[in-house]
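Inspection log for the structure reproduced underneath, given as structure tokens.
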2 protein chains.
Amino acid sequence: MRRDAAPSQPFTTLLIPAMALIVHKYGGTSMGSIERIRNVALRVAKWHRAGHQMMVVPSAMAGETNRLLELAYAVSVQLEPRELDMIAATGEQISIGLLSLALKELGVGARSYAGWQVPIKTDSTFTKARIIEIDCARVQCDLDAGQVVVIAGFQGVDGENNITTLGRGGSDTSALALAAAFAAHECLIYTDVDGVYTADPRIVDQARRLECITCEEMLEMASLGSKVLHTRSVEFAGKYRVKTRVLSSLTDPAMPLEEEMQSGTLMTFEEDKTMEQAVVSGIAHQRDEARIALLGVPDTPGIAYQILGPIAHAHIDVDMIVQNQSVQGRTDFTFTVARSDYARALDILNASVKTQIGAHQVVGDPKVSKVSAVGVGMRSHVGVASTMFRTLAEEGINIQMISTSEIKISVLIDEKYMELAVRALHKAFALERG
Amino acid sequence: MRRDAAPSQPFTTLLIPAMALIVHKYGGTSMGSIERIRNVALRVAKWHRAGHQMMVVPSAMAGETNRLLELAYAVSVQLEPRELDMIAATGEQISIGLLSLALKELGVGARSYAGWQVPIKTDSTFTKARIIEIDCARVQCDLDAGQVVVIAGFQGVDGENNITTLGRGGSDTSALALAAAFAAHECLIYTDVDGVYTADPRIVDQARRLECITCEEMLEMASLGSKVLHTRSVEFAGKYRVKTRVLSSLTDPAMPLEEEMQSGTLMTFEEDKTMEQAVVSGIAHQRDEARIALLGVPDTPGIAYQILGPIAHAHIDVDMIVQNQSVQGRTDFTFTVARSDYARALDILNASVKTQIGAHQVVGDPKVSKVSAVGVGMRSHVGVASTMFRTLAEEGINIQMISTSEIKISVLIDEKYMELAVRALHKAFALERG
């Protein structure tokens with residue numbers, strides 16, 4: 001079906017042309033043991049033998065990056081970022097060497113490159129550098145010579161030849177950046193799930209794998225805690241319109257190529273214009289949230305910054321933010337943070353902010369969850385919010401906070417109702433039917 | 001005493017000038033744990049605070065290189081050398097990051113460099129590359145700015161930006177090459193022994209640490225299996241006349257600098273011209289040798305190559321070689337190999353060489369040891385050989401083979417007499433007196 005590319009399905013995969021340049025990215029779990037590295041090599045060899053130019057971006061073996069960071073933490077509390085990157089980058093360097101050896105063992109010519117050897121040029125923001133430019137010349141020579149090129153993910157090199165790393169989700173970003181720079185036909189992100197689902201299958205039995213998801217939806221899913229792709233990677237794919245597929249590395253590496261090319265979830269850049277487009281594509285959730293409210297805050301200009309500035313300064317990410325209309329010059333200011341930051345955030349507010357701004361009280365709840373309905377279809381359909389609120393009301397679930405974007409509605413609820421809410425909403429939007 | 005540099009002791013250490021450039025090299029054992037890395041940092045910080053420019057070359061943490069090679073072996077039997085180097089080089093990269101963090105933790109400005117970042121340029125002989133050139137500019141800037149520069153040993157980069165490693169003893173070579181390139185005042189090789197001894201202290205109670213040893217003697221010691229410094233490193237130190245001291249990293253890192261500057265063994269480049277020069281400096285031994293003889297070999301030109309060519313081709317190192325005078329056109333050809341190569345060498349000879357050259361028989365003994373007297377004083381003194389042979393005869397020890405160089409006499413004996421021979425020779429040459 002997907003290979004027909006009928007006009008009514010403008011987003012489906014076109015047949016991958018012969019001799020296309022394909023980028024594979026394998027996560028740490030996929031590289032987690034010698035056996036799994038051999039499977040990765042078998043899979044890459046299959047694609048290579050089908051006639052494709054192959055570029056492979058592996059992560060560090062599962063556990064390796066943590067092992068390295070623990071060594072660093074044991075030596076130092078100051079953790080100079082340049083030295084952290086020097087240490088952390090070795091994880092991927094080991095992976096590219098091992099994968100190249102495994103490929104050669106299968107009779108496939110392969111050549112590994114550390115980030116600096118490509119080079120993948122970044123800025124100098126150690127531990128979370130951004131890619132500035134990729135020099136394609138050397139790698140292109142290898143590709144043209146029929147070599148599989150294995151490139152270290154997660155790392156690059158700055159203008160002064162310092163090793164940098166790209167931060168969380170960095171290997172995905174590397175793969176997508178390389179796919180963009182080399183104008184690859186498709187970037188396949190191999191991971192330990194087999195695609196993006198309408199809801200977490202561990203919660204909703206009827207959850208269904210999405211064949212396609214728009215980049216915007218993927219972005220919301222990522223920012224909502226669905227761990228398939230990191231926000232930055234999705235932004236990158238969207239910016240450069242990299243055709244990206246998320247699929248499982250745990251399938252039989254010998255599965256037929258045609259079958260593999262239709263598995264997983266493809267990220268698209270055009271909305272589906274057919275009638276069948278669902279209003280809501282999926283129900284996402286984020287379990288470990290915490291809510292903090294400052295009550296009786298004087299409603300003066302700059303108050304939000306006075307509250308959230310110190311929080312941001314402590315590197316605590318704030319998610320939802322709500323400020324009520326003021327009554328008699330005072331208002332309530334509520335926001336959410338990751339549960340692991342809850343105690344620290346409360347301390348900051350109680351220590352100084354509360355008295356500085358003259359708030360009456362700081363209250364909070366560390367046991368809340370966020371549930372979201374996501375879908376580009378919302379843009380042209382009304383009634384999503386009302387369906388959502390009605391469904392939750394019928395289940396007796398109280399909504400504590402609401403936040404919306406053009407393609408997403410999120411509600412904050414008591415964490416004990418989280419699974420119930422996800423199941424009820426999945427059913428209310430008929431997501432099991434596709 | 002050593003700081004006086006009296007004319008009668010031209011080889012002793014001169015006082016290290018203030019603000020001298022000093023190179024420290026730390027072996028894998030010295031870097032073997034977080035605690036030991038902290039001790040290395042304390043020691044380097046002490047030298048730095050005394051006003052010296054410091055360059056430090058650490059090895060990979062003990063066990064790390066083996067761990068990496070085992071991963072590679074598990075993936076591949078072909079072991080493409082370029083990829084092996086890609087993997088193996090990460091061990092030292094982790095070490096430089098950790099040591100730099102540990103130094104910063106002590107308030108000492110430090111900056112790490114992988115081999116390619118310096119760059120340390122090598123040829124492309126992966127897994128045993130040779131250093132061609134070192135670019136000093138970038139590192140010199142850091143040194144001038146008072147930074148401790150921590151440089152990965154064992155590795156470099158070839159003309160095509162491939163990572164190379166220098167093979168066994170590579171970190172020593174890195175340190176000595178850097179000391180030569182930067183014209184360092186002294187290169188201190190920190191290891192798990194506190195210097196070079198007149199004999200192995202585990203065998204000879206009266207063994208005495210040598211304050212000095214000539215480069216030539218050190219070279220013989222290294223080639224005789226004393227594991228203090230690898231032959232290639234000593235050759236390098238000799239070629240560029242790098243003042244090199246071998247000393248222990250297991251002493252208290254806070255020991256007074258003056259004391260540390262006189263500990264260990266200093267390698268010198270001039271023979272001692274005082275009357276006190278001992279004829280023999282030390283008794284070295286190599287335990288795990290094996291002897292192989294081809295009997296009744298036709299004495300024709302090229303016969304040595306026909307025998308040893310296939311052995312070398314199998315990457316088996318041959319040590320002593322003796323060919324007797326021929327009798328009636330036939331001779332016996334004897335050589336030694338490491339015991340671990342004995343069976344393989346015998347197989348090669350029996351499989352093809354023996355019949356090809358028409359030898360009568362292949363015999364061997366895998367339980368032999370080599371004992372050597374080493375000393376530059378031999379050059380100008382006769383009677384060393386006769387003292388050696390007389391001593392062994394008095395102990396009833398049969399000599400199986402003899403090999404000599406200008407400053408060394410080696411004998412091959414039954415391994416059960418090895419310790420006895422070392423003790424008897426140590427006494428015969430009065431080495432306990434110094």
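Identifiers in the structure tokens: chain A, B, ... in order shown; residue index from 1 per chain; ligand index from 1 in order shown.
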Using DSSP on the backbone coordinates, identify all residues within segment 342-420 of chain B classified as strand (DSSP E); present the result as a list in words.
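Checking each residue of segment 342-420 of chain B, the strand (DSSP E) ones are Gln361, Val362, Val363, Gly364, Asp365, Pro366, Lys367, Val368, Ser369, Lys370, Val371, Ser372, Ala373, Val374, Met401, Ile402, Ser403, Thr404, Ser405, Lys408, Ile409, Ser410, Val411, Leu412, Ile413 and Asp414 of chain B.
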Chain B contacts on chain A, only C-alpha atoms, 7 Å, as an NGL selection string:
:A and (34 or 72 or 74-76 or 78-80 or 83-84 or 86-87 or 90 or 93-94 or 97-98 or 100-102 or 105 or 117 or 161)
Selected residues written out with C-alpha atoms, as a PDB file, in the first residue's frame:
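Writing done, so here's selection-v7.pdb:
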```pdb
ATOM      1  CA  ILE A  34      28.386  -8.184  21.050  1.00  0.00           C
ATOM      2  CA  ALA A  72      34.053  11.570  36.051  1.00  0.00           C
ATOM      3  CA  ALA A  74      33.959  10.108  41.209  1.00  0.00           C
ATOM      4  CA  VAL A  75      36.988  12.247  40.344  1.00  0.00           C
ATOM      5  CA  SER A  76      35.436  15.679  40.360  1.00  0.00           C
ATOM      6  CA  GLN A  78      33.322  20.686  39.297  1.00  0.00           C
ATOM      7  CA  LEU A  79      32.997  18.655  36.084  1.00  0.00           C
ATOM      8  CA  GLU A  80      34.650  20.983  33.591  1.00  0.00           C
ATOM      9  CA  GLU A  83      36.855  17.323  29.884  1.00  0.00           C
ATOM     10  CA  LEU A  84      33.467  15.655  30.318  1.00  0.00           C
ATOM     11  CA  MET A  86      36.565  14.330  26.069  1.00  0.00           C
ATOM     12  CA  ILE A  87      35.571  11.386  28.255  1.00  0.00           C
ATOM     13  CA  THR A  90      34.847   7.690  23.795  1.00  0.00           C
ATOM     14  CA  GLN A  93      34.188   5.873  19.359  1.00  0.00           C
ATOM     15  CA  ILE A  94      34.278   2.327  20.713  1.00  0.00           C
ATOM     16  CA  GLY A  97      35.161   0.595  15.777  1.00  0.00           C
ATOM     17  CA  LEU A  98      33.285  -2.487  16.905  1.00  0.00           C
ATOM     18  CA  SER A 100      33.088  -1.606  11.538  1.00  0.00           C
ATOM     19  CA  LEU A 101      34.880  -4.777  12.658  1.00  0.00           C
ATOM     20  CA  ALA A 102      31.564  -6.652  12.737  1.00  0.00           C
ATOM     21  CA  GLU A 105      33.613  -9.880   9.490  1.00  0.00           C
ATOM     22  CA  GLN A 117      37.307  13.115  11.457  1.00  0.00           C
ATOM     23  CA  ASN A 161      39.607  21.257  17.496  1.00  0.00           C
TER      24      ASN A 161
END
```
Near segment 182-187 of chain A, within 6 Å and counting only C-alpha atoms, which residues show up once chain neighbours fewer than 6 positions away are dropped, as a PDB file with N, CA and C atoms, in the first residue's frame?
```
ATOM      1  N   ALA A  20      20.108   4.302  -3.448  1.00  0.00           N
ATOM      2  CA  ALA A  20      19.828   5.473  -2.625  1.00  0.00           C
ATOM      3  C   ALA A  20      20.814   5.530  -1.470  1.00  0.00           C
ATOM      4  N   LEU A  21      21.054   6.744  -0.965  1.00  0.00           N
ATOM      5  CA  LEU A  21      21.852   6.877   0.245  1.00  0.00           C
ATOM      6  C   LEU A  21      20.922   6.792   1.458  1.00  0.00           C
ATOM      7  N   ILE A  22      21.188   5.822   2.314  1.00  0.00           N
ATOM      8  CA  ILE A  22      20.346   5.565   3.479  1.00  0.00           C
ATOM      9  C   ILE A  22      21.181   5.768   4.738  1.00  0.00           C
ATOM     10  N   VAL A  23      20.609   6.436   5.735  1.00  0.00           N
ATOM     11  CA  VAL A  23      21.280   6.590   7.028  1.00  0.00           C
ATOM     12  C   VAL A  23      20.558   5.722   8.058  1.00  0.00           C
ATOM     13  N   HIS A  24      21.296   4.891   8.747  1.00  0.00           N
ATOM     14  CA  HIS A  24      20.744   4.124   9.867  1.00  0.00           C
ATOM     15  C   HIS A  24      21.303   4.691  11.165  1.00  0.00           C
ATOM     16  N   LYS A 243      13.436  12.812   5.634  1.00  0.00           N
ATOM     17  CA  LYS A 243      12.474  11.714   5.711  1.00  0.00           C
ATOM     18  C   LYS A 243      12.977  10.740   6.772  1.00  0.00           C
ATOM     19  N   THR A 244      12.206  10.616   7.848  1.00  0.00           N
ATOM     20  CA  THR A 244      12.709   9.890   9.008  1.00  0.00           C
ATOM     21  C   THR A 244      11.729   8.801   9.408  1.00  0.00           C
TER      22      THR A 244
END
```
I'd like the contact shell of segment 205-217 of chain A - 9 Å cut-off, only C-alpha atoms, skipping same-chain residues fewer than 4 positions apart - returned as an mmCIF file with C-alpha atoms, in the first residue's frame.
```
data_model
loop_
_atom_site.group_PDB
_atom_site.id
_atom_site.type_symbol
_atom_site.label_atom_id
_atom_site.label_comp_id
_atom_site.auth_asym_id
_atom_site.auth_seq_id
_atom_site.Cartn_x
_atom_site.Cartn_y
_atom_site.Cartn_z
ATOM 1 C CA PHE A 11 2.660 11.176 2.769
ATOM 2 C CA THR A 12 3.300 7.477 2.190
ATOM 3 C CA ASP A 194 8.689 -0.509 16.811
ATOM 4 C CA GLY A 195 7.260 2.926 16.147
ATOM 5 C CA VAL A 196 5.000 5.616 17.535
ATOM 6 C CA TYR A 197 1.703 4.431 19.008
ATOM 7 C CA THR A 198 -1.657 6.082 19.530
ATOM 8 C CA ALA A 199 -0.947 5.600 23.242
ATOM 9 C CA ASP A 200 1.494 3.658 25.401
ATOM 10 C CA PRO A 201 0.672 -0.025 24.623
ATOM 11 C CA MET A 221 5.024 13.752 21.441
ATOM 12 C CA ALA A 222 8.725 14.274 22.123
ATOM 13 C CA VAL A 234 12.652 16.338 15.522
ATOM 14 C CA GLU A 235 13.202 20.065 15.091
ATOM 15 C CA ALA A 237 14.381 16.731 10.853
ATOM 16 C CA GLY A 238 11.593 19.251 10.362
ATOM 17 C CA ARG A 241 12.752 17.940 5.898
ATOM 18 C CA ARG A 245 11.408 6.506 10.055
ATOM 19 C CA GLN A 262 7.137 -0.417 5.716
ATOM 20 C CA SER A 263 7.606 -1.092 9.390
ATOM 21 C CA GLY A 264 7.837 1.476 12.159
ATOM 22 C CA THR A 265 6.449 4.983 11.888
ATOM 23 C CA LEU A 266 7.347 7.450 9.167
ATOM 24 C CA MET A 267 7.583 11.113 10.032
ATOM 25 C CA THR A 268 6.006 13.288 7.332
ATOM 26 C CA PHE A 269 6.034 16.972 6.553
ATOM 27 C CA GLU A 270 2.635 17.420 4.980
ATOM 28 C CA GLU A 271 -0.684 17.002 6.633
ATOM 29 C CA ASP A 272 -2.831 14.256 5.318
ATOM 30 C CA SER A 281 -3.466 11.070 16.395
ATOM 31 C CA GLY A 282 -2.529 9.907 19.839
ATOM 32 C CA VAL A 374 -2.122 15.386 20.025
ATOM 33 C CA GLY A 375 -3.099 15.746 16.379
ATOM 34 C CA VAL A 376 -2.687 18.102 13.467
ATOM 35 C CA ILE A 407 -2.174 20.685 17.787
ATOM 36 C CA LYS A 408 -2.271 19.599 21.419
ATOM 37 C CA ARG A 423 -7.555 4.676 28.269
ATOM 38 C CA HIS A 426 -8.011 6.688 23.578
ATOM 39 C CA LYS A 427 -11.509 5.261 23.387
ATOM 40 C CA LEU A 431 -8.001 5.689 18.163
ATOM 41 C CA GLU A 432 -8.202 1.903 18.145
ATOM 42 C CA ARG A 433 -9.848 2.085 14.725
ATOM 43 C CA GLY A 434 -7.186 4.041 12.817
#
```
Show which residues sit within 10 Å of Leu294 of chain B, as JSON, numbers by chain. Count only C-alpha atoms, and ignore same-chain residues fewer than 3 positions away.
{"B": [297, 307, 323, 331, 332, 333, 334, 335, 349, 350, 353, 354, 358, 359, 360, 361, 362, 363, 364]}
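Each of B:Arg390, B:Arg330, B:Arg291, B:Arg379 was compared to Ser405 of chain B using only C-alpha atoms, and B:Arg379 turns out to be the nearest.
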With only C-alpha atoms as the atoms that count, which of A:Ala137, A:Gln328, A:Asp365, A:Ile348 lies nearest to His313 of chain A?
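Closest to His313 of chain A of all the choices is A:Ile348.
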Name the closest residue to Ile16 of chain B among the candidates B:Asp144, B:Glu258, B:Asp158, B:Asp135; distances are taken between atoms, counting only C-alpha atoms.
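Ranked by minimum distance to Ile16 of chain B, first place goes to B:Glu258.
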